[in-house]
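Undergrad: The following file, entry38.cif, comprises mmCIF, C-alpha atoms:
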data_run
#
loop_
_atom_site.label_atom_id
_atom_site.label_comp_id
_atom_site.auth_asym_id
_atom_site.auth_seq_id
_atom_site.Cartn_x
_atom_site.Cartn_y
_atom_site.Cartn_z
CA MET A 873 133.21 111.12 126.82
CA LYS A 874 131.17 109.90 129.71
CA ALA A 875 130.62 106.24 130.43
CA LEU A 876 127.10 104.89 130.04
CA PHE A 877 127.04 103.04 133.34
CA MET A 878 128.11 105.22 136.23
CA ASP A 879 127.58 105.50 139.96
CA GLU A 880 127.43 108.60 142.09
CA TYR A 881 129.53 108.84 145.27
CA GLU A 882 129.63 111.20 148.20
CA LEU A 883 133.00 111.71 149.78
CA GLN A 884 133.50 113.24 153.21
CA ALA A 885 136.90 114.10 154.61
CA SER A 886 138.92 116.95 155.97
CA MET A 887 140.74 117.20 152.62
CA PRO A 888 138.46 115.58 150.09
CA LEU A 889 140.43 116.83 147.05
CA ARG A 890 143.36 114.67 148.18
CA ALA A 891 141.11 111.63 147.70
CA LEU A 892 140.58 112.58 144.07
CA GLU A 893 144.35 112.75 143.61
CA LYS A 894 144.65 109.26 145.06
CA LEU A 895 142.02 107.95 142.70
CA GLU A 896 143.65 109.70 139.76
CA ALA A 897 146.98 108.23 140.69
CA GLU A 898 145.40 104.77 140.53
CA GLY A 899 144.10 105.47 137.05
CA ILE A 900 140.49 106.12 137.93
CA CYS A 901 138.66 108.88 136.12
CA VAL A 902 136.12 110.88 138.05
CA TYR A 903 133.30 112.87 136.50
CA ASP A 904 131.05 115.76 137.54
CA VAL A 905 133.00 116.65 140.64
CA GLU A 906 131.06 119.09 142.77
CA LYS A 907 131.76 120.53 146.17
CA CYS A 908 128.47 120.33 148.00
CA ALA A 909 129.63 121.41 151.45
CA PRO A 910 132.91 122.12 153.24
CA GLY A 911 134.74 118.84 153.40
CA LYS A 912 132.18 117.13 151.23
CA LEU A 913 132.37 116.24 147.54
CA LYS A 914 130.12 114.57 145.09
CA PHE A 915 131.50 112.78 142.07
CA CYS A 916 130.67 110.08 139.57
CA ALA A 917 132.77 107.18 138.37
CA LYS A 918 132.33 104.15 136.15
CA SER A 919 130.26 101.40 137.74
CA LYS A 920 132.87 98.77 137.03
CA GLU A 921 135.39 100.74 139.14
CA SER A 922 133.19 100.78 142.21
CA GLU A 923 135.08 98.07 144.08
CA LYS A 924 138.40 99.64 143.18
CA ILE A 925 137.32 103.02 144.55
CA PHE A 926 136.29 101.54 147.88
CA ALA A 927 139.50 99.52 148.01
CA ILE A 928 141.65 102.61 147.42
CA LEU A 929 139.87 104.73 149.99
CA ARG A 930 139.47 101.96 152.59
CA GLY A 931 141.29 102.32 155.87
CA SER A 932 141.94 106.00 155.46
CA CYS A 933 140.21 109.04 156.82
CA TYR A 934 137.71 109.18 153.97
CA THR A 935 134.04 108.37 154.21
CA VAL A 936 132.67 107.24 150.87
CA ILE A 937 129.02 106.60 150.28
CA LYS A 938 127.61 105.27 147.07
CA ARG A 939 124.48 107.33 146.40
CA GLY A 940 123.15 105.46 143.43
CA SER A 941 123.45 105.06 139.73
CA VAL A 942 123.39 107.78 137.12
CA GLY A 943 123.07 107.89 133.36
CA LEU A 944 121.89 104.90 131.42
CA LYS A 945 122.32 102.56 134.37
CA ARG A 946 119.89 104.60 136.43
CA ARG A 947 117.32 104.61 133.63
CA LEU A 948 117.81 100.89 133.17
CA GLN A 949 117.27 100.29 136.87
CA ARG A 950 114.12 102.40 136.79
CA VAL A 951 112.76 100.45 133.87
CA LEU A 952 113.64 97.11 135.45
CA SER A 953 111.85 98.15 138.63
CA ARG A 954 108.59 98.35 136.65
CA PRO A 955 107.75 94.88 135.32
CA GLY A 956 104.31 96.05 134.26
CA ALA A 957 105.77 98.64 131.93
CA ILE A 958 108.17 96.07 130.47
CA ALA A 959 105.31 93.66 129.91
CA ALA A 960 103.28 96.40 128.21
CA VAL A 961 106.18 97.31 125.92
CA LEU A 962 106.77 93.66 125.06
CA LEU A 963 103.07 93.18 124.39
CA PHE A 964 103.04 96.22 122.17
CA CYS A 965 106.06 94.94 120.23
CA LEU A 966 104.42 91.55 119.93
CA LEU A 967 101.18 93.06 118.64
CA ALA A 968 103.09 95.28 116.21
CA ALA A 969 104.99 92.26 114.92
CA ALA A 970 101.81 90.18 114.72
CA SER A 971 99.97 92.93 112.84
CA ASN A 972 102.54 92.59 110.08
CA PHE A 973 101.09 89.20 109.25
CA PHE A 974 97.68 90.76 108.62
CA VAL A 975 96.27 93.11 106.05
CA LEU A 976 94.56 95.92 107.88
CA ARG A 977 94.14 98.30 104.96
CA VAL A 978 94.19 98.13 101.17
CA GLU A 979 95.31 101.17 99.20
CA VAL A 980 95.23 101.60 95.44
CA ASP A 981 97.58 104.08 93.82
CA GLY A 982 98.41 105.05 90.28
CA SER A 983 94.98 104.82 88.73
CA VAL A 984 91.93 105.08 90.94
CA ARG A 985 89.56 103.88 88.23
CA TYR A 986 90.87 100.38 88.78
CA ALA A 987 90.33 100.61 92.54
CA VAL A 988 87.00 98.78 92.60
CA GLN A 989 88.23 96.00 90.31
CA ALA A 990 91.46 95.72 92.27
CA ARG A 991 89.68 95.41 95.62
CA GLU A 992 87.34 92.83 94.13
CA ILE A 993 90.23 90.74 92.82
CA LEU A 994 92.07 91.02 96.13
CA ARG A 995 88.95 90.00 98.01
CA GLU A 996 88.52 86.97 95.76
CA GLU A 997 92.12 86.01 96.51
CA GLY A 998 91.53 86.36 100.25
CA LEU A 999 93.31 89.67 100.71
CA PHE A 1000 90.96 92.06 102.43
CA PRO A 1001 91.13 94.13 105.65
CA CYS A 1002 91.76 91.97 108.72
CA SER A 1003 92.71 88.94 106.62
CA LEU A 1004 95.92 86.96 106.92
CA TYR A 1005 98.50 87.91 104.30
CA GLY A 1006 99.80 85.10 102.15
CA GLU A 1007 102.55 85.42 99.59
CA GLU A 1008 100.90 82.87 97.29
CA ASN A 1009 97.58 84.72 97.39
CA ALA A 1010 99.39 87.96 96.69
CA GLU A 1011 101.18 86.44 93.71
CA ARG A 1012 97.92 85.16 92.26
CA ALA A 1013 96.26 88.55 92.80
CA ARG A 1014 99.22 90.29 91.20
CA ALA A 1015 98.94 88.10 88.11
CA ARG A 1016 95.22 88.79 87.82
CA LEU A 1017 95.68 92.52 88.31
CA ALA A 1018 98.35 92.60 85.62
CA ARG A 1019 95.87 91.07 83.17
CA LEU A 1020 93.48 94.02 83.45
CA SER A 1021 93.21 95.80 80.12
CA GLY A 1022 95.17 99.01 79.77
CA ILE A 1023 97.62 98.12 82.54
CA ALA A 1024 101.33 98.21 81.70
CA PHE A 1025 102.40 96.78 85.03
CA VAL A 1026 101.18 96.51 88.57
CA THR A 1027 102.99 96.24 91.89
CA LEU A 1028 101.53 94.69 94.99
CA GLU A 1029 103.48 95.53 98.12
CA LYS A 1030 102.86 95.01 101.76
CA GLU A 1031 104.08 97.90 103.86
CA GLY A 1032 103.54 96.94 107.46
CA SER A 1033 99.88 96.09 107.65
CA VAL A 1034 98.95 98.08 104.55
CA LEU A 1035 98.59 96.31 101.22
CA ARG A 1036 99.40 98.78 98.48
CA VAL A 1037 98.48 98.21 94.84
CA THR A 1038 100.13 100.54 92.35
CA PHE A 1039 98.95 100.55 88.77
CA GLN A 1040 100.89 101.86 85.83
CA GLU A 1041 98.59 102.36 82.90
CA SER A 1042 99.70 101.62 79.39
CA GLU A 1043 100.20 104.79 77.39
CA GLU A 1044 99.31 103.05 74.14
CA VAL A 1045 95.64 103.21 73.20
CA PRO A 1046 94.49 99.76 72.11
CA VAL A 1047 93.83 99.65 68.38
CA PRO A 1048 90.15 98.94 67.66
CA GLU A 1049 89.35 95.84 65.74
CA ARG A 1050 88.93 96.77 62.05
CA GLU A 1051 86.31 95.23 59.84
CA LYS A 1052 87.40 92.50 57.47
CA GLN A 1053 84.41 92.45 55.14
CA LEU A 1054 81.77 94.60 53.53
CA LEU A 1055 78.26 93.22 53.83
CA SER A 1056 75.12 94.28 52.08
CA PRO A 1057 72.45 95.21 54.60
CA ALA A 1058 69.62 94.81 52.11
CA GLU A 1059 68.68 93.16 48.86
CA GLY A 1060 69.55 95.21 45.79
CA VAL A 1061 71.71 95.77 42.74
CA VAL A 1062 75.32 96.86 43.02
CA GLN A 1063 75.78 100.27 41.43
CA GLU A 1064 79.31 101.00 42.48
CA LEU A 1065 82.07 99.03 44.15
CA THR A 1066 85.51 100.31 45.05
CA VAL A 1067 87.96 98.01 46.84
CA LEU A 1068 91.19 99.62 47.95
CA ARG A 1069 92.30 96.76 50.13
CA GLY A 1070 91.05 93.21 49.97
CA GLU A 1071 89.12 91.48 47.21
CA ALA A 1072 85.78 92.21 45.57
CA LEU A 1073 83.28 89.36 45.64
CA VAL A 1074 80.64 90.90 43.37
CA GLN A 1075 80.61 93.12 40.34
CA VAL A 1076 78.71 96.24 39.38
CA GLY A 1077 75.27 95.19 38.17
CA ASP A 1078 75.12 92.03 40.27
CA LYS A 1079 72.05 91.43 42.34
CA VAL A 1080 72.88 90.85 45.98
CA GLN A 1081 70.95 89.56 48.96
CA ALA A 1082 70.76 91.00 52.45
CA GLY A 1083 73.84 89.92 54.43
CA GLN A 1084 75.81 88.95 51.34
CA LYS A 1085 79.53 89.73 51.29
CA LEU A 1086 80.47 92.37 48.77
CA ALA A 1087 84.17 92.49 49.57
CA GLN A 1088 86.52 90.99 52.11
CA ALA A 1089 90.10 91.20 53.31
CA ALA A 1090 92.52 89.13 51.31
CA GLU A 1091 94.22 86.20 52.97
CA GLY A 1092 96.83 87.41 55.39
CA GLU A 1093 95.43 90.92 55.53
CA ALA A 1094 94.05 92.28 58.78
CA PHE A 1095 91.24 94.36 57.33
CA ALA A 1096 89.51 95.43 54.15
CA VAL A 1097 89.01 98.91 52.69
CA ALA A 1098 86.02 99.07 50.39
CA ARG A 1099 83.04 101.18 49.41
CA ALA A 1100 79.83 100.27 47.59
CA SER A 1101 76.52 101.70 46.48
CA ILE A 1102 73.49 99.47 46.17
CA LEU A 1103 70.21 100.33 44.61
CA CYS A 1104 67.48 98.88 46.77
CA GLU A 1105 63.75 98.83 46.71
CA GLY A 1106 61.35 98.78 49.60
CA VAL A 1107 57.64 99.05 50.29
CA TYR A 1108 56.47 101.13 53.24
CA THR A 1109 52.98 101.91 54.48
CA TYR A 1110 51.58 104.90 56.26
CA SER A 1111 48.15 104.98 57.96
CA CYS A 1112 46.16 108.09 58.54
CA THR A 1113 42.60 109.28 59.13
CA GLN A 1114 42.65 112.27 56.86
CA PRO A 1115 44.00 111.68 53.34
CA GLY A 1116 45.49 114.50 51.44
CA LYS A 1117 48.67 116.05 50.13
CA GLU A 1118 50.16 116.41 53.52
CA ALA A 1119 49.49 112.80 54.47
CA LYS A 1120 51.09 111.66 51.22
CA ALA A 1121 54.19 113.71 51.91
CA ARG A 1122 54.36 112.20 55.37
CA ALA A 1123 54.12 108.71 53.89
CA VAL A 1124 57.06 109.40 51.57
CA ALA A 1125 59.11 110.96 54.36
CA LYS A 1126 58.50 107.95 56.56
CA ALA A 1127 59.61 105.62 53.77
CA VAL A 1128 62.80 107.60 53.16
CA PHE A 1129 63.55 107.72 56.86
CA LEU A 1130 63.06 104.00 57.37
CA SER A 1131 65.08 103.07 54.28
CA GLY A 1132 68.14 104.90 55.52
CA GLY A 1133 69.28 105.60 51.96
CA THR A 1134 69.11 108.32 49.34
CA PRO A 1135 65.78 108.23 47.50
CA VAL A 1136 66.00 107.67 43.77
CA SER A 1137 62.35 107.26 42.81
CA TYR A 1138 59.07 106.37 44.40
CA GLU A 1139 55.48 105.42 43.65
CA VAL A 1140 52.65 106.08 46.07
CA GLY A 1141 49.51 103.93 46.25
CA PHE A 1142 46.42 104.83 48.22
CA THR A 1143 43.73 102.58 49.69
CA GLY A 1144 41.13 102.96 52.36
CA SER A 1145 37.70 104.26 53.15
CA GLY A 1146 35.77 105.68 56.09
CA GLU A 1147 38.13 106.71 58.85
CA LYS A 1148 41.24 104.69 57.95
CA PHE A 1149 43.39 105.35 54.94
CA VAL A 1150 46.68 103.70 53.99
CA TYR A 1151 49.39 105.06 51.75
CA THR A 1152 51.77 102.51 50.26
CA VAL A 1153 55.10 103.89 49.12
CA ARG A 1154 57.31 101.82 46.82
CA LEU A 1155 60.70 103.45 47.18
CA GLN A 1156 63.89 102.96 45.24
CA TYR A 1157 66.85 104.21 47.18
CA LEU A 1158 70.61 104.15 47.04
CA LEU A 1159 72.52 102.73 49.98
CA ARG A 1160 76.09 103.85 50.34
CA LEU A 1161 78.25 101.42 52.33
CA GLY A 1162 81.87 101.31 53.34
CA VAL A 1163 84.39 99.59 55.58
CA ASN A 1164 87.46 101.41 56.89
CA PHE A 1165 86.94 103.93 54.14
CA GLY A 1166 86.75 106.96 56.36
CA GLU A 1167 83.41 108.17 54.94
CA SER A 1168 81.22 105.11 55.31
CA GLU A 1169 77.54 105.78 55.70
CA MET B 46 163.41 127.67 121.18
CA ARG B 47 162.50 126.79 117.65
CA LEU B 48 165.37 124.33 117.50
CA SER B 49 164.17 122.60 120.65
CA GLU B 50 160.57 122.41 119.33
CA GLU B 51 161.83 120.88 116.10
CA SER B 52 163.95 118.41 118.04
CA PHE B 53 160.98 117.33 120.18
CA ALA B 54 158.82 117.00 117.08
CA ALA B 55 161.48 114.81 115.47
CA LEU B 56 161.48 112.59 118.54
CA GLY B 57 157.66 112.36 118.43
CA VAL B 58 156.97 114.00 121.77
CA SER B 59 155.30 117.32 122.49
CA ALA B 60 157.23 120.12 124.09
CA ASP B 61 154.88 120.55 127.03
CA VAL B 62 155.22 116.90 128.04
CA VAL B 63 158.99 117.07 127.93
CA ALA B 64 159.02 120.36 129.72
CA GLY B 65 156.58 119.01 132.31
CA GLY B 66 154.60 122.21 132.36
CA ALA B 67 150.87 122.80 132.31
CA LYS B 68 148.96 122.88 129.07
CA VAL B 69 145.78 124.89 129.04
CA VAL B 70 143.18 125.12 126.29
CA VAL B 71 140.23 127.40 126.85
CA TYR B 72 137.02 127.20 124.83
CA ALA B 73 135.55 130.57 125.64
CA GLY B 74 132.33 130.37 127.57
CA VAL B 75 132.09 126.59 127.34
CA CYS B 76 134.93 124.77 129.01
CA ALA B 77 138.66 124.55 129.54
CA CYS B 78 141.01 121.58 129.22
CA PHE B 79 144.17 121.06 131.23
CA GLU B 80 146.97 118.56 130.81
CA ASN B 81 149.68 117.48 133.21
CA VAL B 82 147.39 118.12 136.18
CA LYS B 83 148.89 116.76 139.38
CA GLY B 84 146.04 117.62 141.71
CA ILE B 85 143.22 119.93 142.68
CA VAL B 86 144.12 122.47 145.34
CA ARG B 87 140.85 124.38 145.58
CA LEU B 88 137.45 123.82 144.12
CA SER B 89 134.48 126.14 144.00
CA ALA B 90 132.03 127.38 141.40
CA GLU B 91 133.97 130.63 140.95
CA GLU B 92 137.55 129.52 141.33
CA VAL B 93 139.49 126.33 140.75
CA VAL B 94 143.16 126.01 141.56
CA LEU B 95 145.07 123.15 140.01
CA ARG B 96 148.54 121.87 140.64
CA ALA B 97 150.05 121.37 137.24
CA GLY B 98 153.61 120.82 136.17
CA ARG B 99 155.92 122.79 138.40
CA GLY B 100 153.39 125.40 139.45
CA GLU B 101 149.74 126.17 139.92
CA VAL B 102 146.98 127.21 137.56
CA CYS B 103 144.27 129.40 138.94
CA VAL B 104 141.05 129.44 136.91
CA ARG B 105 138.34 131.96 137.56
CA GLY B 106 134.88 132.03 136.07
CA LYS B 107 131.24 131.17 136.62
CA ASN B 108 129.57 127.83 137.29
CA LEU B 109 132.88 126.04 137.22
CA ARG B 110 132.69 122.30 137.65
CA VAL B 111 135.11 119.45 137.10
CA ALA B 112 133.52 117.48 134.28
CA ARG B 113 136.27 114.89 134.09
CA TYR B 114 139.47 114.28 135.93
CA GLY B 115 141.84 111.40 135.34
CA LEU B 116 145.14 110.31 133.79
CA GLY B 117 146.55 113.82 134.22
CA ASP B 118 143.80 115.46 132.20
CA LEU B 119 141.11 117.67 133.62
CA TRP B 120 138.06 119.10 131.86
CA LEU B 121 136.46 122.05 133.49
CA SER B 122 132.96 123.03 132.39
CA GLY B 123 131.60 126.52 132.84
CA SER B 124 132.46 129.99 131.69
CA VAL B 125 136.17 130.65 132.21
CA THR B 126 137.01 134.32 132.49
CA ALA B 127 140.67 134.19 133.59
CA VAL B 128 143.53 131.74 133.79
CA GLU B 129 146.55 132.59 135.89
CA ILE B 130 149.64 130.44 135.87
CA SER B 131 152.16 130.74 138.64
CA GLU B 132 155.54 129.02 138.40
CA GLU B 133 156.93 127.43 141.53
CA THR B 134 160.10 129.18 142.54
CA PRO B 135 163.03 126.77 142.95
#
Would you give me this structure, written as structure tokens?
TA:
Amino acid sequence: MKALFMDEYELQASMPLRALEKLEAEGICVYDVEKCAPGKLKFCAKSKESEKIFAILRGSCYTVIKRGSVGLKRRLQRVLSRPGAIAAVLLFCLLAAASNFFVLRVEVDGSVRYAVQAREILREEGLFPCSLYGEENAERARARLARLSGIAFVTLEKEGSVLRVTFQESEEVPVPEREKQLLSPAEGVVQELTVLRGEALVQVGDKVQAGQKLAQAAEGEAFAVARASILCEGVYTYSCTQPGKEAKARAVAKAVFLSGGTPVSYEVGFTGSGEKFVYTVRLQYLLRLGVNFGESE
Amino acid sequence: MRLSEESFAALGVSADVVAGGAKVVVYAGVCACFENVKGIVRLSAEEVVLRAGRGEVCVRGKNLRVARYGLGDLWLSGSVTAVEISEETP
């Protein structure tokens, strides 16, 4: 194996190979021996043995010239002879090291639909491109990001000058909030009430007001399961310019549509003269209600 | 011969060292290694003559070059085509 720091020598003598024997006898290894001309040799030896080589060959009929360095030493000398290049390399290293203190880019992985929110949160915590990176800011941002709904966990890592946010979404779909009570949307009389879970607050035949509770979840229960039918009555008007059978039918249809229930019976009144006529429909209809029943209307 | 080799092995020394002869290992087309080299007699790109042990080793080939020489070992780089060993007559 060659040494890293070596010098190249030129040896001139009538019998140059004898000089190599002398060096070998003194324990000096020579490398890359090459005969370049009659009576002339080129060889390399370790830099630290330079003085020894000259001492061995001094006073004899050998002419030894040190031609320069080879290997790593030569490269090192070349580099050292260019202070500008060294300064540039040092400056580059310094800039590279300094850039690690900054955030130059923010990347969001895992789930791109959180990217906008994530960037907004990071910006609010002072972590945006060309900002100074702070571990405390990052920790606060990480905590806020982890609180986003549907996120199982989030990692916030700084890789060089890139701030990388990786989201892992929760596989569980959040359970929707279930209703705890059954309310009457209109005034009427209870025709039917079925409570599978929870407690009934009215009975069949009771008159109830709009917004009144018909059933509710029992204490300690998360939701109620109930169904009810209420017979309601409403008065609806329909204006037209041409009275007739068709206009009457339209008046009834409008009343049924607005009631939102199943019509049971109706009475139609008619007033008006000239160009404006008004039909008044008194409609009895059945409202079917339900909470968590699976077929609520 | 086998008895002597076994005896040398038992003593922990190799036969070539005890015998003082040349040891040659050739890696075809790449290099050749020599032990017990006492000196270089001739050196050129086609032929290198070494003084080894009690005789000479003549190496022929192409682009021959002494890659390393020291402590009795010599590494010759290049394509070695022939090695001729001549014993010194007493």
Undergrad: Identify every residue of chain B that has at least one atom within 10 Å of any atom of chain A, counting all atoms listed in the file, and report the result as a PDB file with C-alpha atoms, in the frame of the given file.
TA:
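Output file out_21.pdb is given in full below:
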ATOM      1  CA  VAL B  82     147.390 118.120 136.180  1.00  0.00           C
ATOM      2  CA  LYS B  83     148.890 116.760 139.380  1.00  0.00           C
ATOM      3  CA  GLY B  84     146.040 117.620 141.710  1.00  0.00           C
ATOM      4  CA  ILE B  85     143.220 119.930 142.680  1.00  0.00           C
ATOM      5  CA  VAL B  86     144.120 122.470 145.340  1.00  0.00           C
ATOM      6  CA  ARG B  87     140.850 124.380 145.580  1.00  0.00           C
ATOM      7  CA  LEU B  88     137.450 123.820 144.120  1.00  0.00           C
ATOM      8  CA  SER B  89     134.480 126.140 144.000  1.00  0.00           C
ATOM      9  CA  ALA B  90     132.030 127.380 141.400  1.00  0.00           C
ATOM     10  CA  LEU B 109     132.880 126.040 137.220  1.00  0.00           C
ATOM     11  CA  ARG B 110     132.690 122.300 137.650  1.00  0.00           C
ATOM     12  CA  VAL B 111     135.110 119.450 137.100  1.00  0.00           C
ATOM     13  CA  ALA B 112     133.520 117.480 134.280  1.00  0.00           C
ATOM     14  CA  ARG B 113     136.270 114.890 134.090  1.00  0.00           C
ATOM     15  CA  TYR B 114     139.470 114.280 135.930  1.00  0.00           C
ATOM     16  CA  GLY B 115     141.840 111.400 135.340  1.00  0.00           C
ATOM     17  CA  LEU B 116     145.140 110.310 133.790  1.00  0.00           C
ATOM     18  CA  GLY B 117     146.550 113.820 134.220  1.00  0.00           C
ATOM     19  CA  ASP B 118     143.800 115.460 132.200  1.00  0.00           C
ATOM     20  CA  LEU B 119     141.110 117.670 133.620  1.00  0.00           C
ATOM     21  CA  TRP B 120     138.060 119.100 131.860  1.00  0.00           C
ATOM     22  CA  LEU B 121     136.460 122.050 133.490  1.00  0.00           C
ATOM     23  CA  SER B 122     132.960 123.030 132.390  1.00  0.00           C
TER      24      SER B 122
END
Undergrad: For Pro1057 of chain A, please output as a PyMOL selection string all residues within 12 Å (counting all atoms listed in the file; exclusion window: fewer than 6 positions along the same chain).
TA: chain A and resi 1080-1086+1100-1104+1131-1133+1158-1162+1169
Undergrad: Enter the distance from atom CA of Val1150 of chain A to atom CA of Ser1137 of chain A, in Å, rounded to one decimal.
TA: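 If I compute the distance from atom CA of Val1150 of chain A to atom CA of Ser1137 of chain A, I get 19.6 Å.
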Undergrad: Could you please determine the separation between atom CA of Val984 of chain A and atom CA of Val1026 of chain A in Å, to one decimal place?
TA: 12.8 Å
Undergrad: One number please: atom CA of Leu1035 of chain A to atom CA of Val961 of chain A, in Å, one decimal.
TA: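 Interatomic distance, atom CA of Leu1035 of chain A to atom CA of Val961 of chain A: 25.9 Å.
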